[in-house]
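What follows is target14.cif (mmCIF, C-alpha atoms).
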data_work
#
loop_
_atom_site.label_atom_id
_atom_site.label_comp_id
_atom_site.auth_asym_id
_atom_site.auth_seq_id
_atom_site.Cartn_x
_atom_site.Cartn_y
_atom_site.Cartn_z
CA PRO A 24 -76.50 -38.31 54.39
CA ASP A 25 -77.15 -34.77 55.44
CA THR A 26 -74.18 -34.88 57.74
CA GLU A 27 -71.86 -36.10 54.97
CA ILE A 28 -73.00 -33.35 52.70
CA ILE A 29 -72.27 -30.74 55.32
CA GLU A 30 -68.79 -32.18 55.96
CA SER A 31 -68.05 -32.33 52.26
CA SER A 32 -69.11 -28.75 51.80
CA ASN A 33 -66.95 -27.69 54.70
CA LEU A 34 -64.02 -29.51 53.17
CA VAL A 35 -64.53 -27.79 49.86
CA ALA A 36 -64.83 -24.46 51.58
CA ASP A 37 -61.60 -25.08 53.44
CA ASP A 38 -59.88 -26.09 50.22
CA THR A 39 -60.80 -22.82 48.50
CA LYS A 40 -59.23 -20.85 51.32
CA SER A 41 -55.96 -22.78 51.23
CA GLU A 42 -53.22 -23.16 48.67
CA ILE A 43 -51.88 -26.55 47.72
CA SER A 44 -48.16 -27.10 47.50
CA ILE A 45 -46.40 -29.97 45.76
CA SER A 46 -43.52 -31.48 47.62
CA SER A 47 -40.24 -31.40 45.77
CA THR A 48 -39.49 -34.97 47.02
CA ALA A 49 -42.61 -36.55 45.50
CA SER A 50 -42.06 -39.06 42.67
CA PHE A 51 -44.24 -39.54 39.63
CA GLY A 52 -47.40 -41.51 40.45
CA GLU A 53 -47.23 -40.99 44.19
CA SER A 54 -50.01 -39.31 46.08
CA VAL A 55 -49.31 -35.83 47.30
CA PRO A 56 -50.41 -34.99 50.85
CA TYR A 57 -52.40 -31.88 51.43
CA VAL A 58 -50.19 -29.30 53.12
CA PRO A 59 -51.16 -25.59 53.31
CA LEU A 60 -48.48 -23.30 51.89
CA SER A 61 -48.44 -21.24 55.04
CA GLN A 62 -47.37 -24.31 57.07
CA GLN A 63 -44.51 -25.34 54.78
CA GLN A 64 -40.82 -24.80 55.68
CA THR A 65 -38.81 -23.59 52.72
CA SER A 66 -35.62 -25.57 52.12
CA ASP A 67 -32.25 -24.06 51.29
CA GLY A 68 -32.63 -25.01 47.63
CA ASP A 69 -36.00 -23.30 47.42
CA ALA A 70 -34.64 -20.23 49.12
CA SER A 71 -31.81 -19.98 46.65
CA LEU A 72 -34.28 -20.49 43.83
CA PHE A 73 -36.36 -17.52 44.87
CA SER A 74 -33.32 -15.37 45.72
CA VAL A 75 -31.72 -15.50 42.26
CA GLY A 76 -33.44 -12.33 41.15
CA SER A 77 -32.30 -10.42 44.21
CA ASP A 78 -28.65 -11.49 43.61
CA ASP A 79 -28.77 -10.18 40.05
CA ASP A 80 -30.22 -6.92 41.27
CA SER A 81 -27.51 -6.54 43.90
CA SER A 82 -24.68 -7.30 41.39
CA SER A 83 -26.02 -4.81 38.85
CA SER A 84 -26.45 -2.25 41.60
CA SER A 85 -22.83 -2.71 42.76
CA SER A 86 -21.59 -2.49 39.15
CA SER A 87 -23.42 0.77 38.54
CA SER A 88 -22.10 2.10 41.85
CA SER A 89 -18.51 1.33 40.82
CA GLU A 90 -19.00 3.07 37.46
CA VAL A 91 -20.35 6.14 39.19
CA GLU A 92 -17.37 6.10 41.54
CA ILE A 93 -14.92 5.88 38.59
CA LEU A 94 -16.63 8.78 36.82
CA LYS A 95 -16.49 10.80 40.00
CA GLN A 96 -12.74 10.13 40.42
CA ASN A 97 -12.04 11.04 36.76
CA ARG A 98 -13.95 14.28 37.17
CA ILE A 99 -12.00 15.18 40.29
CA ARG A 100 -8.71 14.39 38.54
CA ASN A 101 -9.61 16.51 35.48
CA ILE A 102 -10.58 19.42 37.68
CA ALA A 103 -7.30 19.12 39.59
CA VAL A 104 -5.28 19.10 36.34
CA ALA A 105 -7.16 22.15 35.03
CA ILE A 106 -6.57 24.06 38.27
CA ALA A 107 -2.86 23.13 38.27
CA SER A 108 -2.45 24.23 34.63
CA PHE A 109 -4.19 27.53 35.29
CA ALA A 110 -2.07 28.15 38.37
CA PHE A 111 1.15 27.40 36.43
CA ALA A 112 0.12 29.78 33.64
CA ILE A 113 -0.53 32.56 36.17
CA PHE A 114 2.80 31.89 37.88
CA ASN A 115 4.69 31.90 34.56
CA TYR A 116 3.06 35.17 33.52
CA GLY A 117 3.87 36.74 36.87
CA TRP A 118 7.47 35.57 36.68
CA GLN A 119 7.95 36.99 33.18
CA PHE A 120 6.27 40.23 34.21
CA THR A 121 8.52 40.69 37.24
CA HIS A 122 11.65 39.29 35.53
CA PRO A 123 11.52 40.57 31.94
CA VAL A 124 14.25 39.57 29.48
CA SER A 125 16.15 42.68 28.50
CA ALA A 126 17.08 43.55 24.93
CA VAL A 127 20.77 43.25 25.77
CA GLU A 128 20.17 39.71 27.03
CA ILE A 129 18.41 38.89 23.74
CA LEU A 130 21.35 40.23 21.72
CA ALA A 131 23.90 38.42 23.89
CA SER A 132 21.95 35.17 23.49
CA MET A 133 21.86 35.61 19.72
CA GLU A 134 25.62 36.19 19.74
CA LYS A 135 26.19 32.90 21.57
CA GLN A 136 24.04 31.06 19.03
CA SER A 137 25.61 32.73 16.00
CA ALA A 138 26.79 30.74 13.01
CA PRO A 139 30.59 30.72 12.52
CA LEU A 140 32.13 33.24 10.15
CA THR A 141 33.49 30.37 8.07
CA ALA A 142 29.88 29.51 7.09
CA ILE A 143 29.66 32.68 4.95
CA GLY A 144 29.77 31.68 1.28
CA ASN A 145 30.61 28.07 2.10
CA ASN A 146 27.29 26.42 2.95
CA GLY A 147 25.14 27.97 0.22
CA LYS A 148 22.98 29.91 2.69
CA PRO A 149 22.50 33.68 2.74
CA THR A 150 23.91 35.47 5.77
CA VAL A 151 22.68 38.29 8.00
CA ILE A 152 25.37 39.94 10.16
CA ASP A 153 24.11 42.20 12.94
CA PHE A 154 26.60 44.69 14.41
CA TRP A 155 25.40 46.00 17.79
CA ALA A 156 26.57 47.30 21.16
CA PRO A 157 25.08 47.15 24.68
CA TRP A 158 24.87 50.98 24.90
CA CYS A 159 23.05 51.31 21.54
CA GLU A 160 19.39 52.19 22.12
CA ASN A 161 18.37 51.50 18.51
CA CYS A 162 20.02 48.09 18.80
CA LYS A 163 17.85 47.35 21.81
CA VAL A 164 14.75 48.46 19.92
CA ALA A 165 15.61 46.15 16.98
CA ALA A 166 16.49 43.13 19.16
CA PRO A 167 12.98 41.56 19.38
CA THR A 168 12.50 41.94 15.62
CA LEU A 169 15.83 40.30 14.84
CA GLN A 170 15.08 37.47 17.26
CA ALA A 171 11.68 36.85 15.65
CA VAL A 172 13.16 36.82 12.14
CA GLU A 173 15.92 34.44 13.23
CA GLN A 174 13.37 32.06 14.73
CA GLU A 175 11.26 32.27 11.59
CA TYR A 176 14.00 31.33 9.10
CA GLY A 177 15.98 29.04 11.36
CA ASP A 178 18.64 26.97 9.61
CA ARG A 179 17.91 28.38 6.14
CA VAL A 180 19.93 31.53 6.90
CA ASN A 181 23.24 32.14 8.66
CA PHE A 182 22.57 34.63 11.47
CA ILE A 183 25.71 36.18 12.97
CA SER A 184 25.67 38.67 15.83
CA VAL A 185 28.75 40.83 16.41
CA ASN A 186 29.29 42.92 19.56
CA ALA A 187 31.06 46.10 18.46
CA ASP A 188 32.34 46.70 22.00
CA ASN A 189 34.46 43.57 21.80
CA GLY A 190 37.94 44.55 20.65
CA GLN A 191 38.42 41.21 18.91
CA ASN A 192 35.67 42.17 16.45
CA TRP A 193 37.24 45.47 15.31
CA PRO A 194 38.94 43.98 12.21
CA LEU A 195 35.55 42.59 11.13
CA ILE A 196 33.87 45.94 11.79
CA GLN A 197 36.48 47.71 9.70
CA TYR A 198 36.21 45.19 6.87
CA PHE A 199 32.45 45.69 6.55
CA GLY A 200 32.78 49.47 6.81
CA VAL A 201 30.62 49.78 9.93
CA ASP A 202 30.47 53.40 11.09
CA ALA A 203 26.98 53.38 12.63
CA ILE A 204 24.92 50.79 14.47
CA PRO A 205 22.71 48.88 14.27
CA HIS A 206 24.26 47.74 11.01
CA LEU A 207 22.81 44.71 9.18
CA ALA A 208 25.04 43.31 6.44
CA LEU A 209 23.18 41.05 3.98
CA LEU A 210 25.23 38.53 2.01
CA SER A 211 24.18 36.06 -0.67
CA GLY A 212 24.66 32.31 -0.53
CA GLU A 213 27.84 32.78 -2.55
CA GLY A 214 29.22 35.17 0.08
CA ASP A 215 28.69 38.42 -1.83
CA ALA A 216 27.88 41.47 0.31
CA GLU A 217 24.70 42.84 -1.30
CA THR A 218 23.73 45.73 0.95
CA ALA A 219 23.70 47.04 4.51
CA LEU A 220 20.61 48.24 6.38
CA ILE A 221 21.40 50.98 8.90
CA GLY A 222 19.21 51.66 11.91
CA PRO A 223 16.26 49.71 13.27
CA MET A 224 14.48 47.95 10.39
CA SER A 225 10.91 46.74 10.23
CA ARG A 226 10.26 43.05 10.07
CA ASN A 227 8.70 43.28 6.60
CA VAL A 228 11.78 45.02 5.13
CA LEU A 229 14.17 42.42 6.50
CA GLN A 230 11.92 39.54 5.46
CA SER A 231 11.62 40.86 1.90
CA ASP A 232 15.39 41.08 1.44
CA ILE A 233 15.99 37.64 2.97
CA ASP A 234 13.31 36.09 0.74
CA ALA A 235 15.02 37.60 -2.31
CA LEU A 236 18.35 36.09 -1.22
CA LEU A 237 16.73 32.69 -0.72
CA ASN A 238 15.01 32.68 -4.12
CA GLN A 239 17.73 31.19 -6.30
CA ARG A 240 17.45 31.51 -10.07
CA GLU A 241 17.22 28.32 -12.10
CA GLY A 242 20.45 27.18 -13.76
CA CYS A 243 22.50 29.78 -11.95
CA ALA A 244 24.90 27.22 -10.51
CA GLU A 245 26.20 26.32 -13.99
CA LYS A 246 26.60 29.97 -14.99
CA VAL A 247 28.05 31.36 -11.78
CA GLU A 248 31.12 32.74 -13.55
CA VAL A 249 28.94 34.58 -16.09
CA VAL A 250 25.98 35.60 -13.94
CA LYS A 251 27.23 37.24 -10.76
CA VAL A 252 23.82 37.44 -9.08
CA CYS A 253 22.02 34.11 -8.58
CA HIS A 254 19.09 35.43 -6.56
CA ASP A 255 16.26 37.90 -6.96
CA GLU A 256 16.97 41.59 -6.77
CA LEU A 257 16.77 42.90 -3.23
CA PRO A 258 13.74 45.20 -2.89
CA TYR A 259 15.38 47.27 -0.14
CA LYS A 260 18.97 48.52 -0.43
CA MET A 261 20.53 51.22 1.69
CA PHE A 262 24.32 51.29 2.01
CA ASP A 263 26.94 49.64 -0.18
CA ALA A 264 30.07 49.33 1.95
CA PHE A 265 31.99 47.74 -0.95
CA GLY A 266 31.10 50.25 -3.64
CA ASN A 267 34.68 51.61 -3.84
CA ARG A 268 36.28 48.15 -3.41
CA PRO A 269 34.24 45.66 -5.43
CA ASP A 270 36.98 43.06 -5.35
CA SER A 271 36.40 42.66 -1.60
CA ARG A 272 32.65 42.14 -1.99
CA ARG A 273 32.86 38.34 -1.96
CA VAL A 274 33.57 37.18 1.58
CA ASN A 275 35.18 33.84 2.31
CA PHE A 276 36.66 33.42 5.75
CA VAL A 277 39.03 30.56 6.42
CA GLU A 278 39.48 29.18 9.91
CA GLN A 279 43.05 29.55 11.13
#

Using structure tokens, write down the structure that the file contains.
Amino acid sequence: PDTEIIESSNLVADDTKSEISISSTASFGESVPYVPLSQQQTSDGDASLFSVGSDDDSSSSSSSSSEVEILKQNRIRNIAVAIASFAFAIFNYGWQFTHPVSAVEILASMEKQSAPLTAIGNNGKPTVIDFWAPWCENCKVAAPTLQAVEQEYGDRVNFISVNADNGQNWPLIQYFGVDAIPHLALLSGEGDAETALIGPMSRNVLQSDIDALLNQREGCAEKVEVVKVCHDELPYKMFDAFGNRPDSRRVNFVEQ
């Protein structure tokens, strides 16, 4: 009896030091053999069971790595675009600084883009006729202002540029009584010559007169034969080239 007790106690002691594992092949009701966990060989199914967590961790890690890589590429691309834009701006500034557009080039460009003379009094728009010459210093001074005003009003006004050095324009110069340049002839939408501004004019002066020509009076179209002026009074008037020949004030050119 004493011996059995000692063996039983040893068995219990051994059991407390070991871990019991249940075989995955055991059926319900069958006895399970005692096998220490340290002596078991893990099957492929068990290995995959315990490795699920590690697979999820690796997939999430790869996903986060790809996102970081995309952000890094976007940042590099944005920096490259910013550098290219800055370099282009510096190059454009340097080109304009070393190759400035002269006033004569501005005036010649405006002449090429001029409205036809037949538009005067025929399309209902007021007209600004600029008489200039390449040797005229005041014309060069006024060129940027005229260009800015033309860009501001666009298609609402007929802008016509006339080179006084061109012999073909002499009949037109004589008709408008041009004896000094720059000479700006302002005509109403009906084709009436309202005034002429001589010399370089400020932008505000020219804008004020053009705005008055654009501001048509209500009901003027029905009373055009009675009311000669269908626009506001021009705030700035200088030279009336048709004062001694009022019958020639209304201009209406016909294409031949």

(message) I'd like the residues picked by the PyMOL selection byres ((chain A and resi 234) around 12) written out as JSON, numbers by chain, using the chain letters and numbers from the file.
(response) {"A": [148, 149, 150, 172, 175, 176, 179, 180, 209, 211, 227, 228, 229, 230, 231, 232, 233, 235, 236, 237, 238, 239, 254, 255, 256, 257, 258, 259]}

(request) Would you please work out which residue, of A:Glu173, A:Glu160, A:Glu90, A:Glu217, is nearest to Val127 of chain A when using all atoms listed in the file? (result)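 Looking only at the distances to Val127 of chain A, the closest residue turns out to be A:Glu160.
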
(message) Quick one: residues within 12 Å of Glu128 of chain A, all atoms listed in the file, excluding same-chain residues fewer than 2 positions away - as a list in words?
(response)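 Using all atoms listed in the file, the neighbours found are Pro123, Val124, Ser125, Ala126, Leu130, Ala131, Ser132, Met133, Glu134, Lys135, Ala156, Pro157, Cys162, Lys163, Ala166, Pro167 and Gln170 of chain A.
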
(message) Here's the selection I'm unsure about, the PyMOL selection byres ((chain A and resi 199-202) around 12); applied to the file above, which residues does it give, as a VMD selection string?
(response) chain A and resid 152 to 155 185 to 187 192 to 198 203 to 210 215 to 222 262 to 268 271 to 274
